[in-house]
>>> print(open('input_36.tsv').read())   # TSV, C-alpha atoms
chain	number	residue	atom	x	y	z
A	1	MET	CA	77.61	236.15	22.99
A	2	PHE	CA	74.38	234.86	24.45
A	3	ASN	CA	72.33	235.77	21.37
A	4	ALA	CA	73.93	232.78	19.66
A	5	PHE	CA	71.75	230.61	21.86
A	6	THR	CA	68.24	230.39	20.48
A	7	ALA	CA	65.10	229.88	22.52
A	8	GLU	CA	64.92	226.40	21.03
A	9	LYS	CA	68.38	225.49	22.35
A	10	ILE	CA	67.55	226.77	25.81
A	11	GLU	CA	64.36	224.72	25.86
A	12	LYS	CA	66.32	221.66	24.78
A	13	GLY	CA	68.76	222.33	27.58
A	14	ARG	CA	65.94	222.59	30.11
A	15	SER	CA	64.35	219.38	28.82
A	16	SER	CA	67.68	217.56	28.94
A	17	LEU	CA	68.31	218.63	32.50
A	18	GLU	CA	64.85	217.57	33.60
A	19	ASN	CA	64.50	214.28	31.75
A	20	THR	CA	67.90	212.69	31.13
A	21	GLY	CA	71.10	211.68	32.80
A	22	THR	CA	71.28	213.97	35.86
A	23	ARG	CA	71.48	211.03	38.26
A	24	LEU	CA	73.65	209.07	35.86
A	25	GLU	CA	76.11	211.99	35.67
A	26	ALA	CA	76.31	212.25	39.45
A	27	GLU	CA	76.94	208.51	39.84
A	28	PHE	CA	79.50	208.28	37.05
A	29	LEU	CA	81.24	211.65	37.32
A	30	GLY	CA	80.43	213.13	40.73
A	31	GLU	CA	79.23	216.69	41.26
A	32	VAL	CA	80.62	220.12	42.03
A	33	ASP	CA	80.12	221.82	45.39
A	34	LYS	CA	76.75	223.31	44.44
A	35	THR	CA	76.69	225.96	47.16
A	36	LYS	CA	80.20	227.14	46.40
A	37	TYR	CA	79.55	227.20	42.65
A	38	ARG	CA	76.41	229.32	43.00
A	39	GLU	CA	78.16	231.77	45.29
A	40	LEU	CA	81.09	232.10	42.87
A	41	ALA	CA	78.73	232.48	39.91
A	42	TYR	CA	76.73	235.15	41.75
A	43	ALA	CA	79.90	237.05	42.68
A	44	PHE	CA	81.08	236.87	39.05
A	45	LEU	CA	77.80	238.15	37.64
A	46	HIS	CA	77.51	240.95	40.21
A	47	LYS	CA	81.15	241.90	40.69
A	48	THR	CA	80.51	245.56	39.85
A	49	GLU	CA	77.78	245.73	42.48
A	50	ILE	CA	79.72	244.05	45.27
A	51	ALA	CA	81.63	246.63	47.28
A	52	GLN	CA	85.15	245.88	48.43
A	53	ALA	CA	85.14	245.05	52.14
A	54	ASP	CA	88.00	246.62	54.06
A	55	THR	CA	87.53	245.02	57.48
A	56	PRO	CA	87.03	241.41	58.66
A	57	GLU	CA	83.56	242.33	59.93
A	58	LYS	CA	82.52	243.75	56.56
A	59	LYS	CA	84.01	240.78	54.72
A	60	PHE	CA	82.01	238.37	56.88
A	61	GLU	CA	78.83	240.42	56.37
A	62	GLN	CA	79.45	240.49	52.63
A	63	MET	CA	79.94	236.70	52.53
A	64	LEU	CA	76.60	236.19	54.26
A	65	LYS	CA	74.86	238.50	51.80
A	66	ILE	CA	76.39	236.73	48.80
A	67	LYS	CA	75.42	233.32	50.21
A	68	ASP	CA	71.79	234.38	50.66
A	69	ALA	CA	71.59	236.23	47.33
A	70	ALA	CA	73.14	233.31	45.44
A	71	ARG	CA	70.64	230.88	46.94
A	72	LYS	CA	67.76	233.08	45.77
A	73	GLU	CA	69.21	233.78	42.32
A	74	PHE	CA	69.89	230.10	41.58
A	75	GLU	CA	66.96	228.36	43.26
A	76	ASN	CA	67.38	225.48	40.82
A	77	ALA	CA	69.74	224.53	38.00
A	78	LEU	CA	67.34	225.74	35.32
A	79	ASP	CA	67.97	229.32	36.47
A	80	LEU	CA	71.43	228.96	34.93
A	81	ALA	CA	69.85	228.97	31.46
A	82	ASP	CA	68.38	232.45	31.99
A	83	LYS	CA	70.08	234.75	29.47
A	84	SER	CA	70.49	237.45	32.12
A	85	LYS	CA	72.72	235.03	34.05
A	86	TYR	CA	74.91	233.93	31.13
A	87	ILE	CA	78.57	233.18	31.80
A	88	ASP	CA	80.89	232.52	28.85
A	89	PHE	CA	82.69	229.21	28.35
A	90	LYS	CA	86.13	230.32	29.56
A	91	ASN	CA	84.87	231.74	32.85
A	92	SER	CA	82.44	228.83	33.31
A	93	VAL	CA	85.47	226.51	33.22
A	94	LYS	CA	87.26	228.61	35.85
A	95	LEU	CA	84.27	228.58	38.20
A	96	VAL	CA	83.89	224.82	37.83
A	97	GLU	CA	87.57	224.28	38.64
A	98	GLN	CA	87.16	226.33	41.82
A	99	SER	CA	84.11	224.31	42.89
A	100	GLN	CA	85.46	220.76	42.92
A	101	LEU	CA	84.63	218.65	45.96
A	102	GLY	CA	87.49	216.22	45.56
A	103	ASN	CA	91.05	216.03	44.29
A	104	PRO	CA	91.21	216.46	40.47
A	105	GLU	CA	94.11	214.00	40.46
A	106	LYS	CA	92.09	211.34	42.30
A	107	PRO	CA	88.53	211.12	40.91
A	108	SER	CA	86.26	209.54	43.52
A	109	LYS	CA	83.77	207.85	41.20
A	110	PHE	CA	84.53	204.39	39.82
A	111	PHE	CA	83.86	205.34	36.18
A	112	SER	CA	85.70	208.68	36.13
A	113	GLY	CA	88.54	207.10	38.11
A	114	ALA	CA	88.88	204.33	35.53
A	115	LEU	CA	88.99	206.87	32.69
A	116	TYR	CA	91.58	208.89	34.59
A	117	ASN	CA	93.87	205.91	35.24
A	118	TYR	CA	93.71	204.71	31.63
A	119	ILE	CA	94.44	208.17	30.20
A	120	LYS	CA	97.18	208.91	32.75
A	121	ASN	CA	98.96	205.67	31.87
A	122	ARG	CA	99.19	206.81	28.25
A	123	PHE	CA	101.26	209.85	29.17
A	124	GLU	CA	104.78	209.98	30.58
A	125	ASP	CA	105.58	210.99	34.14
A	126	LYS	CA	106.50	214.53	33.06
A	127	TYR	CA	102.79	215.32	32.64
A	128	ILE	CA	100.05	215.93	35.22
A	129	LEU	CA	96.48	214.92	34.38
A	130	LYS	CA	93.46	216.42	36.13
A	131	PHE	CA	89.77	215.56	35.95
A	132	PHE	CA	87.01	218.09	36.62
A	133	THR	CA	83.29	217.38	36.85
A	134	ALA	CA	80.85	220.11	35.80
A	135	THR	CA	77.67	218.31	36.83
A	136	GLY	CA	75.44	219.34	39.72
A	137	GLY	CA	74.17	222.60	38.26
A	138	THR	CA	76.78	224.71	36.46
A	139	HIS	CA	76.77	226.99	33.41
A	140	LEU	CA	79.31	224.69	31.78
A	141	ASP	CA	76.83	221.81	31.94
A	142	VAL	CA	73.48	223.55	31.41
A	143	VAL	CA	74.49	226.25	28.91
A	144	HIS	CA	77.64	224.91	27.23
A	145	GLY	CA	76.83	221.19	27.15
A	146	VAL	CA	79.93	219.97	29.00
A	147	ASP	CA	79.58	217.42	31.82
A	148	SER	CA	83.28	216.99	32.59
A	149	PHE	CA	86.72	217.68	31.22
A	150	PHE	CA	90.33	216.56	31.48
A	151	LYS	CA	93.33	218.86	31.48
A	152	LEU	CA	96.97	217.99	30.87
A	153	TYR	CA	99.78	220.04	32.44
A	154	ASP	CA	103.56	220.11	32.23
A	155	LYS	CA	104.83	218.70	35.53
A	156	GLU	CA	107.84	221.03	35.80
A	157	SER	CA	106.31	224.37	34.77
A	158	GLY	CA	102.67	223.69	35.69
A	159	GLN	CA	101.68	225.08	32.28
A	160	GLU	CA	98.36	223.87	30.88
A	161	LEU	CA	99.03	221.95	27.68
A	162	ALA	CA	95.65	220.59	26.58
A	163	MET	CA	91.99	220.26	27.49
A	164	ALA	CA	89.33	217.77	26.37
A	165	THR	CA	85.64	218.14	27.25
A	166	PHE	CA	82.98	215.46	27.16
A	167	ASP	CA	79.24	215.04	27.40
A	168	LEU	CA	77.86	211.95	29.15
A	169	THR	CA	74.46	210.78	27.93
A	170	LYS	CA	72.20	207.74	28.12
A	171	ASN	CA	70.26	208.94	25.07
A	172	THR	CA	71.32	206.32	22.52
A	173	SER	CA	69.90	208.37	19.62
A	174	LYS	CA	72.21	211.27	20.41
A	175	ASP	CA	75.12	211.29	17.99
A	176	ARG	CA	76.67	214.73	18.44
A	177	ALA	CA	77.58	217.10	21.23
A	178	ARG	CA	78.96	220.56	21.81
A	179	ALA	CA	81.68	218.92	23.90
A	180	ASP	CA	84.75	217.39	22.23
A	181	VAL	CA	83.66	213.83	23.01
A	182	LEU	CA	80.25	212.21	23.38
A	183	VAL	CA	80.28	209.42	25.97
A	184	ASN	CA	77.15	207.40	25.28
A	185	ILE	CA	76.02	205.04	28.06
A	186	ASP	CA	73.17	202.76	27.01
A	187	GLY	CA	70.53	202.85	29.74
A	188	ASP	CA	70.12	199.06	29.49
A	189	ASP	CA	73.80	198.58	30.32
A	190	ILE	CA	74.13	200.84	33.37
A	191	GLU	CA	74.35	197.95	35.84
A	192	LYS	CA	77.29	196.53	33.89
A	193	TYR	CA	79.30	199.61	34.89
A	194	ASP	CA	78.57	199.34	38.61
A	195	PRO	CA	80.73	197.08	40.84
A	196	SER	CA	79.32	198.40	44.12
A	197	ASN	CA	77.63	196.16	46.71
A	198	ASN	CA	78.82	193.01	44.91
A	199	ASN	CA	76.52	193.79	42.00
A	200	GLN	CA	76.15	190.53	40.07
A	201	GLU	CA	75.44	192.38	36.82
A	202	PHE	CA	78.79	194.17	36.83
A	203	ASP	CA	80.71	193.00	33.75
A	204	LYS	CA	84.43	193.72	34.09
A	205	LYS	CA	85.29	192.76	30.52
A	206	PHE	CA	82.48	194.96	29.18
A	207	PHE	CA	83.48	197.80	31.53
A	208	ASP	CA	87.16	197.66	30.57
A	209	GLU	CA	86.31	197.69	26.86
A	210	LYS	CA	84.06	200.74	27.27
A	211	VAL	CA	86.65	202.57	29.39
A	212	GLU	CA	89.27	201.89	26.72
A	213	LYS	CA	86.97	203.13	23.95
A	214	PHE	CA	85.97	206.35	25.71
A	215	SER	CA	89.49	207.01	27.02
A	216	GLU	CA	91.00	206.70	23.54
A	217	MET	CA	88.48	209.23	22.26
A	218	ILE	CA	89.41	211.64	25.07
A	219	ILE	CA	93.14	211.10	24.47
A	220	GLN	CA	92.66	211.95	20.81
A	221	ALA	CA	90.75	215.10	21.79
A	222	LEU	CA	93.60	216.10	24.14
A	223	ILE	CA	96.16	215.60	21.36
A	224	GLU	CA	94.10	217.62	18.88
A	225	ASN	CA	93.61	220.40	21.40
A	226	TYR	CA	97.35	220.51	22.11
A	227	GLN	CA	98.13	220.68	18.38
A	228	SER	CA	95.65	223.53	17.87
A	229	ARG	CA	97.23	225.79	20.50
>>> encode(input="input_36.tsv", output="structure tokens")
Amino acid sequence: MFNAFTAEKIEKGRSSLENTGTRLEAEFLGEVDKTKYRELAYAFLHKTEIAQADTPEKKFEQMLKIKDAARKEFENALDLADKSKYIDFKNSVKLVEQSQLGNPEKPSKFFSGALYNYIKNRFEDKYILKFFTATGGTHLDVVHGVDSFFKLYDKESGQELAMATFDLTKNTSKDRARADVLVNIDGDDIEKYDPSNNNQEFDKKFFDEKVEKFSEMIIQALIENYQSR
């Protein structure tokens, strides 16, 4: 229920979105398809108001209306924190999964890709691992404090076995999160994570150690989630 979120928490969420890690999240984790997410979120929030279209012409007209209405309703990411536009955690996850730009089994960003490869190598071939980013303006990020998550599936049945969420932050004083794992990136070390353009400050040993540390935390969260089901 939304009333569990106090005005203070919403303000903290707004401040966090405005002043910390938005660019860092995009560079390390990638972003959702913002337009698609907002249209899906609008359709979810207004499903009782949206009439069922019974012809191709009406469907096309409806799509245009939803596109325009979604753009107005979510002019910026802070609109997601409005209590009248609240979407619960479970449905926020579903909308994020439907709004991925890339392949969840092939993360495009260097950091998320490194996490994915490390974690995947810890599980046998009978499992499928998927990575989903929630950054770029989603309820999961702004309201529920989750930047990204991993899911583990049974390869034969396709059944979801476990999920682990994490919050990426460069706020070194932050020591807890609503997500399962807090991934803390010291702002002074950001260049050490970046191998692009022959960056001389990239430190492979440092990077590998951090990836191992964060990946082990996520693996433990996956195991605990599996055991709790």
>>> closest_atom_pairs(input="input_36.tsv", of="segment 107-222 of chain A", to="segment 37-53 of chain A", cutoff="10 Å", atoms="all atoms listed in the file", output="tab-separated table")
residue	atom	partner	partner_atom	distance
A:Ala134	CA	A:Tyr37	CA	9.9
A:Gly136	CA	A:Tyr37	CA	9.3
A:Gly137	CA	A:Tyr37	CA	8.3
A:Thr138	CA	A:Tyr37	CA	7.2
A:His139	CA	A:Ala41	CA	8.7
>>> closest_residue(input="input_36.tsv", among="A:Leu129, A:Asp180, A:Arg229, A:Phe74", to="Leu115 of chain A", atoms="all atoms listed in the file")
A:Leu129
>>> residues_around(input="input_36.tsv", residues="segment 169-172 of chain A", least_positions_apart="5", cutoff="12 Å", atoms="only C-alpha atoms", output="PDB file with C-alpha atoms, keeping the file's coordinate frame")
ATOM      1  CA  SER A  16      67.680 217.560  28.940  1.00  0.00           C
ATOM      2  CA  LEU A  17      68.310 218.630  32.500  1.00  0.00           C
ATOM      3  CA  ASN A  19      64.500 214.280  31.750  1.00  0.00           C
ATOM      4  CA  THR A  20      67.900 212.690  31.130  1.00  0.00           C
ATOM      5  CA  GLY A  21      71.100 211.680  32.800  1.00  0.00           C
ATOM      6  CA  THR A  22      71.280 213.970  35.860  1.00  0.00           C
ATOM      7  CA  ARG A  23      71.480 211.030  38.260  1.00  0.00           C
ATOM      8  CA  LEU A  24      73.650 209.070  35.860  1.00  0.00           C
ATOM      9  CA  GLU A  25      76.110 211.990  35.670  1.00  0.00           C
ATOM     10  CA  ALA A  26      76.310 212.250  39.450  1.00  0.00           C
ATOM     11  CA  PHE A  28      79.500 208.280  37.050  1.00  0.00           C
ATOM     12  CA  LEU A  29      81.240 211.650  37.320  1.00  0.00           C
ATOM     13  CA  ASP A 141      76.830 221.810  31.940  1.00  0.00           C
ATOM     14  CA  GLY A 145      76.830 221.190  27.150  1.00  0.00           C
ATOM     15  CA  VAL A 146      79.930 219.970  29.000  1.00  0.00           C
ATOM     16  CA  ASP A 147      79.580 217.420  31.820  1.00  0.00           C
ATOM     17  CA  SER A 148      83.280 216.990  32.590  1.00  0.00           C
ATOM     18  CA  ALA A 177      77.580 217.100  21.230  1.00  0.00           C
ATOM     19  CA  ALA A 179      81.680 218.920  23.900  1.00  0.00           C
ATOM     20  CA  VAL A 181      83.660 213.830  23.010  1.00  0.00           C
ATOM     21  CA  LEU A 182      80.250 212.210  23.380  1.00  0.00           C
ATOM     22  CA  VAL A 183      80.280 209.420  25.970  1.00  0.00           C
ATOM     23  CA  ASN A 184      77.150 207.400  25.280  1.00  0.00           C
ATOM     24  CA  ILE A 185      76.020 205.040  28.060  1.00  0.00           C
ATOM     25  CA  ASP A 186      73.170 202.760  27.010  1.00  0.00           C
ATOM     26  CA  GLY A 187      70.530 202.850  29.740  1.00  0.00           C
ATOM     27  CA  ASP A 188      70.120 199.060  29.490  1.00  0.00           C
ATOM     28  CA  ASP A 189      73.800 198.580  30.320  1.00  0.00           C
ATOM     29  CA  ILE A 190      74.130 200.840  33.370  1.00  0.00           C
TER      30      ILE A 190
END
>>> residues_around(input="input_36.tsv", residues="segment 198-208 of chain A", least_positions_apart="5", cutoff="10 Å", atoms="all atoms listed in the file", output="list in words")
Phe111, Ala114, Leu115, Tyr118, Asp189, Ile190, Glu191, Lys192, Tyr193 and Lys213 of chain A
>>> closest_residue(input="input_36.tsv", among="A:Lys58, A:Thr35, A:Leu168, A:Val211", to="Lys72 of chain A", atoms="only C-alpha atoms")
A:Thr35
>>> atom_distance(input="input_36.tsv", atom1="atom CA of Lys130 of chain A", atom2="atom CA of Pro107 of chain A")
8.7 Å
>>> atom_distance(input="input_36.tsv", atom1="atom CA of Lys109 of chain A", atom2="atom CA of Ser196 of chain A")
10.8 Å
>>> residues_around(input="input_36.tsv", residues="Phe131 of chain A", least_positions_apart="4", cutoff="9 Å", atoms="only C-alpha atoms", output="PyMOL selection string")
chain A and resi 103-107+112-113+116+148-151
>>> closest_residue(input="input_36.tsv", among="A:Gln227, A:Asn117, A:Thr133, A:Gln62", to="Lys34 of chain A", atoms="all atoms listed in the file")
A:Thr133
